[in-house]
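Notes follow once the structure below has been shown.
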Amino acid sequence: MEKISNHPQQELMAAYSAGSLPLSQALCISTHLEHCPECVRKLQRLDHVGSELMQQLKPAPASSELRDKLFARLDSLTEDSGTEDSVEKVDQDADSAVPKCLRQFVDEGFDKLQWKRVSADIQSVQLCRDSNGARVELLKIRPGGSAIKHTHLGDEYTVILEGGFSDESGLYGEGDFLFRDNSDEHTPVATQHRECLCLAVTEGPIQFTGVFSRLLNPFVRRNFAL
Amino acid sequence: MAFMAHKRSSEDKLTALKACLTRVAEDRDRGAFAELFNHYAPLIRAYSLAREPGADLVADELVQEVLSRVWLKADKYNERLANLNTWIFTLARNCRIDYLRRNSRYVTEIDPTDIFNDIEDEGPGPFQQVQQTRAEESIHTGLKQLPQEQAEILRKVYLEGKTHQQTSDELKLPLGTVKSRVRLALKKLEVLIER
């Protein structure tokens with residue numbers, strides 16, 4: 001595996017470790033973690049920060065009723081009450097190219113999804129929406145293909161799953177995590193030799209900035225409001 | 001000296017708790033489980049109450065949820081990946097995320113189980129383990145020396161479960177300041193240094 005050079009920002013990793021990140025962003029971090037042992041180690045240390053802070057709290061005594069209630073249910077607890085079994089089953093069925101955390105949306109490999117054509121170069125499939133309205137989707141750019149130049153009205157998080165692309169600020173490959181806010185304007189172009197597959201989380205409607213495509217904007221926005 | 005003694009006693013405590021967990025894993029020992037309850041239940045309740053002050057029922061539910069997982073997964077605990085306190089923290093965090101998702105007014109279609117599942121690691125090598133232990137020590141001592149304003153933000157994020165935006169609203173600080181204080185704190189704690 002090539003060394004990954006684009007990682008989630010520190011404060012984003014801390015929020016992930018704290019559990020205070022919207023789940024759509026957490027999904028991107030988790031996907032990156034499956035590619036990046038270095039960030040896994042960082043996360044373990046961040047978790048340790050949380051643990052130390054927890055130890056500093058003034059303990060809030062637990063009642064003996066609570067203890068009795070818990071002890072009474074120990075015998076009836078089974079692994080089913082966790083989700084371990086179902087996760088293992090999914091693991092066996094799923095295409096190993098699909099990151100674990102995405103298998104809840106992709107049961108049979110990326111090819112079997114209902115891809116929609118966005119432009120001559122791009123196909124997309126929406127996986128879900130988060131409670132903050134963010135859109136979680138997969139994007140497929142054909143080799144050498146380019147996305148329409150665009151800015152964002154909200155933030156955008158991207159993790160590259162396969163292939164790579166470049167834009168005004170650099171070259172990105174598998175596992176790279178990218179964050180773009182609404183001041184960034186960029187035109188991603190997929191590398192020549194292979195298709196590029198990305199996970200993208202968009203928190204506001206995308207704004208196209210080409211003269212021609214500006215006409216598209218009202219439609220895009222309406223679509224987003226649905 | 002008093003500090004060293006304190007450190008020693010908290011290490012002894014942790015060793016004793018770890019022995020309890022082993023007895024739970026191997027012998028389903030309820031006495032040992034009671035000791036884990038006595039130590040961790042008040043901490044888990046405090047963690048829950050930090051986010052929702054006064055919500056005692058929610059706090060009790062979190063205790064049940066977390067300690068049920070401890071009972072079920074005792075044999076899965078891997079000392080090499082996290083110390084026991086940290087394992088308990090991650091379980092409490094995961095259970096809280098589950099709880100919030102189930103009880104939120106806003107629907108999300110994302111199941112957090114697969115996101116925050118225990119991350120599998122091939123197991124760190126001995127060298128990395130030494131690094132992790134050293135990192136844990138610098139976090140432990142560093143937290144005590146952190147400027148108040150940085151510690152406050154870490155507590156908001158980690159214990160109260162506030163997003164950066166919520167922290168910024170609450171403390172009437174620009175969002176950029178919140179983020180930079182988080183970064184400064186992590187730098188002081190040497191969390192992100194590759195040694």
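Chains: A, B, ... in order of the structure tokens. Residues: from 1 per chain. Ligands: from 1, in order shown.
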May I have the residues of chain B within 7 Å of chain A, counting only C-alpha atoms, written as an MDAnalysis selection string?
chainID B and resid 41:43 45:47 60 64 72 85:86 89:90 93 97 106:110 112 114:115 135:136 139:140 155 157:158 161:163 179 182:183 191:192
Write a file of the just-selected residues containing N, CA and C atoms, as a compact mmCIF listing (two decimals), in the first residue's frame.
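Printed below is selection.txt as written:
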# COMPACT_ATOMS: atom_id res chain seq x y z
N ALA B 41 -19.37 1.91 37.35
CA ALA B 41 -20.74 2.44 37.23
C ALA B 41 -20.80 3.93 37.61
N PRO B 42 -20.18 4.36 38.72
CA PRO B 42 -20.24 5.79 39.05
C PRO B 42 -19.54 6.68 38.01
N LEU B 43 -18.49 6.15 37.38
CA LEU B 43 -17.80 6.94 36.35
C LEU B 43 -18.64 7.06 35.08
N ARG B 45 -21.88 6.86 34.99
CA ARG B 45 -22.99 7.77 35.30
C ARG B 45 -22.52 9.22 35.21
N ALA B 46 -21.34 9.49 35.73
CA ALA B 46 -20.81 10.86 35.69
C ALA B 46 -20.61 11.31 34.24
N TYR B 47 -20.15 10.38 33.40
CA TYR B 47 -19.95 10.68 31.98
C TYR B 47 -21.28 11.04 31.32
N ASP B 60 -28.46 5.78 34.19
CA ASP B 60 -28.60 4.38 34.60
C ASP B 60 -28.68 3.44 33.39
N GLN B 64 -26.19 0.23 32.40
CA GLN B 64 -26.66 -1.12 32.06
C GLN B 64 -26.11 -1.57 30.71
N LEU B 72 -20.46 -9.43 28.30
CA LEU B 72 -20.47 -10.25 27.09
C LEU B 72 -19.12 -10.31 26.39
N ASN B 85 -9.26 1.19 31.27
CA ASN B 85 -10.03 2.45 31.36
C ASN B 85 -10.43 2.96 29.98
N THR B 86 -9.49 2.86 29.04
CA THR B 86 -9.75 3.36 27.69
C THR B 86 -10.78 2.49 26.97
N PHE B 89 -14.04 3.53 28.28
CA PHE B 89 -14.42 4.81 27.69
C PHE B 89 -15.00 4.62 26.29
N THR B 90 -14.33 3.79 25.45
CA THR B 90 -14.83 3.62 24.07
C THR B 90 -16.18 2.91 24.07
N ARG B 93 -18.69 5.58 25.06
CA ARG B 93 -18.91 6.48 23.92
C ARG B 93 -19.81 5.83 22.87
N ILE B 97 -23.53 7.02 21.61
CA ILE B 97 -23.87 7.32 20.21
C ILE B 97 -25.13 6.54 19.80
N TYR B 106 -34.10 13.88 14.97
CA TYR B 106 -33.69 13.91 13.58
C TYR B 106 -33.23 12.52 13.16
N VAL B 107 -33.80 12.05 12.10
CA VAL B 107 -33.49 10.70 11.66
C VAL B 107 -32.20 10.68 10.85
N THR B 108 -31.36 9.71 11.17
CA THR B 108 -30.22 9.48 10.29
C THR B 108 -30.34 8.04 9.80
N GLU B 109 -29.91 7.82 8.57
CA GLU B 109 -30.02 6.47 8.01
C GLU B 109 -28.73 5.70 8.25
N ILE B 110 -27.83 6.29 9.01
CA ILE B 110 -26.52 5.66 9.19
C ILE B 110 -26.46 4.88 10.50
N PRO B 112 -24.41 3.46 13.35
CA PRO B 112 -23.06 3.69 13.88
C PRO B 112 -22.31 2.42 14.26
N ASP B 114 -21.27 -0.18 12.71
CA ASP B 114 -20.15 -0.58 11.87
C ASP B 114 -19.08 0.49 11.78
N ILE B 115 -19.43 1.70 12.23
CA ILE B 115 -18.45 2.78 12.18
C ILE B 115 -17.54 2.73 13.39
N ALA B 135 3.13 7.39 25.08
CA ALA B 135 2.11 8.39 24.72
C ALA B 135 1.08 8.51 25.85
N GLU B 136 0.68 7.37 26.41
CA GLU B 136 -0.31 7.40 27.49
C GLU B 136 0.22 8.17 28.70
N ILE B 139 0.11 11.89 27.98
CA ILE B 139 -1.27 12.38 28.05
C ILE B 139 -1.69 12.56 29.50
N HIS B 140 -1.34 11.56 30.32
CA HIS B 140 -1.72 11.59 31.74
C HIS B 140 -1.13 12.80 32.45
N ARG B 155 -12.96 19.05 27.57
CA ARG B 155 -14.06 18.48 28.36
C ARG B 155 -15.40 18.65 27.66
N VAL B 157 -15.93 18.82 24.45
CA VAL B 157 -16.01 17.93 23.30
C VAL B 157 -16.14 16.47 23.74
N TYR B 158 -15.27 16.05 24.67
CA TYR B 158 -15.22 14.63 25.03
C TYR B 158 -16.31 14.22 26.01
N GLY B 161 -19.96 15.97 24.94
CA GLY B 161 -20.34 15.54 23.60
C GLY B 161 -20.75 16.69 22.68
N LYS B 162 -20.18 17.87 22.90
CA LYS B 162 -20.52 19.04 22.09
C LYS B 162 -19.74 19.03 20.77
N THR B 163 -20.39 19.45 19.71
CA THR B 163 -19.65 19.64 18.46
C THR B 163 -18.82 20.93 18.61
N LYS B 179 -11.34 25.37 17.35
CA LYS B 179 -10.53 24.37 16.65
C LYS B 179 -9.05 24.52 16.98
N VAL B 182 -8.26 23.13 20.39
CA VAL B 182 -8.18 21.67 20.37
C VAL B 182 -6.82 21.24 19.84
N ARG B 183 -6.40 21.89 18.76
CA ARG B 183 -5.09 21.53 18.18
C ARG B 183 -3.95 21.81 19.15
N VAL B 191 -0.14 14.04 21.50
CA VAL B 191 -0.98 12.93 21.04
C VAL B 191 -0.60 12.49 19.64
N LEU B 192 -0.20 13.45 18.81
CA LEU B 192 -0.08 13.13 17.40
C LEU B 192 1.35 12.97 16.92
Please identify the helix (DSSP H, G or I) residues within chain B (assignment by DSSP from backbone atoms) and present them as number ranges by chain. B: 2-27, 30-51, 56-76, 84-102, 112-114, 126-145, 148-158, 164-171, 175-188
As a PyMOL selection string, list the residues of segment 2-207 of chain A assigned to strand (DSSP E or B) by DSSP on the backbone atoms of this structure.
chain A and resi 116-117+122-129+135-141+146+150-152+156-162+165-167+170-172+177-180+186+189-190+196-202+206-207
Next, dump the selected residues to file, keeping only N, CA and C atoms, as a compact mmCIF listing (two decimals), in the first residue's frame.
# COMPACT_ATOMS: atom_id res chain seq x y z
N LYS A 116 -26.16 6.38 -11.34
CA LYS A 116 -26.86 7.37 -12.19
C LYS A 116 -25.83 8.25 -12.86
N ARG A 117 -26.09 8.57 -14.10
CA ARG A 117 -25.17 9.41 -14.85
C ARG A 117 -25.35 10.87 -14.44
N ILE A 122 -18.98 11.43 -15.13
CA ILE A 122 -19.27 11.06 -13.74
C ILE A 122 -20.58 10.29 -13.57
N GLN A 123 -20.51 9.27 -12.71
CA GLN A 123 -21.71 8.58 -12.28
C GLN A 123 -21.78 8.67 -10.77
N SER A 124 -22.98 8.64 -10.24
CA SER A 124 -23.08 8.71 -8.78
C SER A 124 -24.20 7.82 -8.27
N VAL A 125 -24.12 7.47 -6.99
CA VAL A 125 -25.23 6.78 -6.35
C VAL A 125 -25.30 7.30 -4.91
N GLN A 126 -26.50 7.72 -4.53
CA GLN A 126 -26.66 8.23 -3.17
C GLN A 126 -26.85 7.07 -2.21
N LEU A 127 -26.08 7.03 -1.13
CA LEU A 127 -26.17 5.94 -0.16
C LEU A 127 -27.20 6.27 0.92
N CYS A 128 -27.20 7.50 1.40
CA CYS A 128 -28.13 7.88 2.45
C CYS A 128 -28.04 9.36 2.75
N ARG A 129 -28.91 9.80 3.67
CA ARG A 129 -28.85 11.17 4.18
C ARG A 129 -28.60 11.09 5.68
N ARG A 135 -25.55 14.78 2.47
CA ARG A 135 -25.78 13.73 1.50
C ARG A 135 -24.55 12.84 1.43
N VAL A 136 -24.76 11.52 1.54
CA VAL A 136 -23.64 10.59 1.46
C VAL A 136 -23.74 9.85 0.14
N GLU A 137 -22.75 10.01 -0.71
CA GLU A 137 -22.83 9.33 -2.01
C GLU A 137 -21.49 8.79 -2.47
N LEU A 138 -21.58 7.88 -3.43
CA LEU A 138 -20.37 7.39 -4.09
C LEU A 138 -20.30 8.06 -5.45
N LEU A 139 -19.09 8.43 -5.85
CA LEU A 139 -18.89 9.04 -7.16
C LEU A 139 -17.89 8.20 -7.95
N LYS A 140 -18.19 8.04 -9.23
CA LYS A 140 -17.29 7.28 -10.08
C LYS A 140 -16.90 8.19 -11.25
N ILE A 141 -15.61 8.47 -11.39
CA ILE A 141 -15.15 9.33 -12.49
C ILE A 141 -14.36 8.45 -13.46
N SER A 146 -13.24 14.51 -15.90
CA SER A 146 -13.16 15.60 -14.94
C SER A 146 -14.54 15.98 -14.42
N HIS A 150 -16.47 23.44 -9.47
CA HIS A 150 -17.54 23.81 -8.53
C HIS A 150 -17.01 24.32 -7.20
N THR A 151 -17.84 25.09 -6.51
CA THR A 151 -17.54 25.44 -5.13
C THR A 151 -18.67 24.84 -4.29
N HIS A 152 -18.59 25.01 -2.99
CA HIS A 152 -19.60 24.40 -2.14
C HIS A 152 -20.27 25.45 -1.28
N GLU A 156 -17.47 19.77 2.27
CA GLU A 156 -17.43 18.50 1.55
C GLU A 156 -16.29 17.64 2.06
N TYR A 157 -16.59 16.38 2.34
CA TYR A 157 -15.58 15.42 2.79
C TYR A 157 -15.49 14.33 1.74
N THR A 158 -14.26 13.99 1.33
CA THR A 158 -14.08 12.97 0.30
C THR A 158 -13.02 11.97 0.74
N VAL A 159 -13.32 10.68 0.52
CA VAL A 159 -12.29 9.66 0.73
C VAL A 159 -12.17 8.88 -0.57
N ILE A 160 -10.95 8.71 -1.06
CA ILE A 160 -10.75 7.97 -2.31
C ILE A 160 -10.70 6.47 -2.01
N LEU A 161 -11.58 5.73 -2.66
CA LEU A 161 -11.65 4.29 -2.43
C LEU A 161 -10.81 3.52 -3.44
N GLU A 162 -10.84 3.96 -4.69
CA GLU A 162 -10.05 3.31 -5.74
C GLU A 162 -9.58 4.36 -6.72
N PHE A 165 -7.22 11.06 -8.18
CA PHE A 165 -7.48 12.24 -9.00
C PHE A 165 -6.56 13.38 -8.58
N SER A 166 -6.56 14.42 -9.41
CA SER A 166 -5.78 15.59 -9.05
C SER A 166 -6.69 16.81 -9.19
N ASP A 167 -6.36 17.86 -8.47
CA ASP A 167 -7.04 19.13 -8.69
C ASP A 167 -6.03 20.25 -8.53
N GLY A 170 -3.31 19.47 -5.79
CA GLY A 170 -2.43 18.32 -5.68
C GLY A 170 -2.97 17.04 -6.30
N LEU A 171 -2.25 15.96 -5.98
CA LEU A 171 -2.57 14.64 -6.51
C LEU A 171 -2.98 13.75 -5.34
N TYR A 172 -4.07 13.01 -5.52
CA TYR A 172 -4.57 12.20 -4.41
C TYR A 172 -4.78 10.76 -4.83
N PHE A 177 -7.88 11.35 2.46
CA PHE A 177 -9.05 12.01 3.03
C PHE A 177 -8.95 13.50 2.71
N LEU A 178 -9.99 14.05 2.09
CA LEU A 178 -9.95 15.46 1.72
C LEU A 178 -11.12 16.22 2.29
N PHE A 179 -10.83 17.41 2.76
CA PHE A 179 -11.87 18.29 3.25
C PHE A 179 -11.85 19.58 2.46
N ARG A 180 -13.01 19.99 1.96
CA ARG A 180 -13.11 21.26 1.23
C ARG A 180 -14.23 22.08 1.85
N HIS A 186 -12.75 24.10 -6.97
CA HIS A 186 -11.82 23.13 -7.55
C HIS A 186 -12.43 22.31 -8.67
N VAL A 189 -9.77 16.06 -11.53
CA VAL A 189 -9.62 15.26 -12.76
C VAL A 189 -9.08 13.89 -12.38
N ALA A 190 -9.75 12.83 -12.81
CA ALA A 190 -9.31 11.47 -12.48
C ALA A 190 -8.01 11.15 -13.22
N CYS A 196 -11.84 6.36 -11.08
CA CYS A 196 -11.67 6.80 -9.70
C CYS A 196 -13.00 6.68 -8.95
N LEU A 197 -12.94 6.00 -7.80
CA LEU A 197 -14.14 5.81 -7.00
C LEU A 197 -13.96 6.52 -5.65
N CYS A 198 -14.94 7.37 -5.31
CA CYS A 198 -14.83 8.14 -4.06
C CYS A 198 -16.09 8.03 -3.23
N LEU A 199 -15.89 8.16 -1.92
CA LEU A 199 -17.01 8.39 -1.01
C LEU A 199 -17.06 9.89 -0.79
N ALA A 200 -18.24 10.48 -0.95
CA ALA A 200 -18.33 11.94 -0.78
C ALA A 200 -19.49 12.30 0.13
N VAL A 201 -19.22 13.16 1.09
CA VAL A 201 -20.27 13.67 1.97
C VAL A 201 -20.36 15.18 1.73
N THR A 202 -21.55 15.63 1.35
CA THR A 202 -21.73 17.03 1.02
C THR A 202 -22.77 17.64 1.94
N ILE A 206 -23.97 21.81 -4.05
CA ILE A 206 -22.76 22.18 -4.79
C ILE A 206 -23.11 23.34 -5.72
N GLN A 207 -22.18 24.26 -5.88
CA GLN A 207 -22.40 25.38 -6.79
C GLN A 207 -21.43 25.29 -7.95
To one decimal in Å, tell me the separation between atom CA of Phe116 of chain B and atom CA of Tyr99 of chain B.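 Atom CA of Tyr99 of chain B lies 13.5 Å from atom CA of Phe116 of chain B.
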Q. So how far away is atom CA of Ala72 of chain A from atom CA of Gly31 of chain B, in Å?
A.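 Atom CA of Gly31 of chain B sits 13.8 Å away from atom CA of Ala72 of chain A.
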Report the distance between atom CA of Pro126 of chain B and atom CA of Cys36 of chain A in Å, rounded to one decimal place.
->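 Pair atom CA of Pro126 of chain B / atom CA of Cys36 of chain A returns 19.4 Å.
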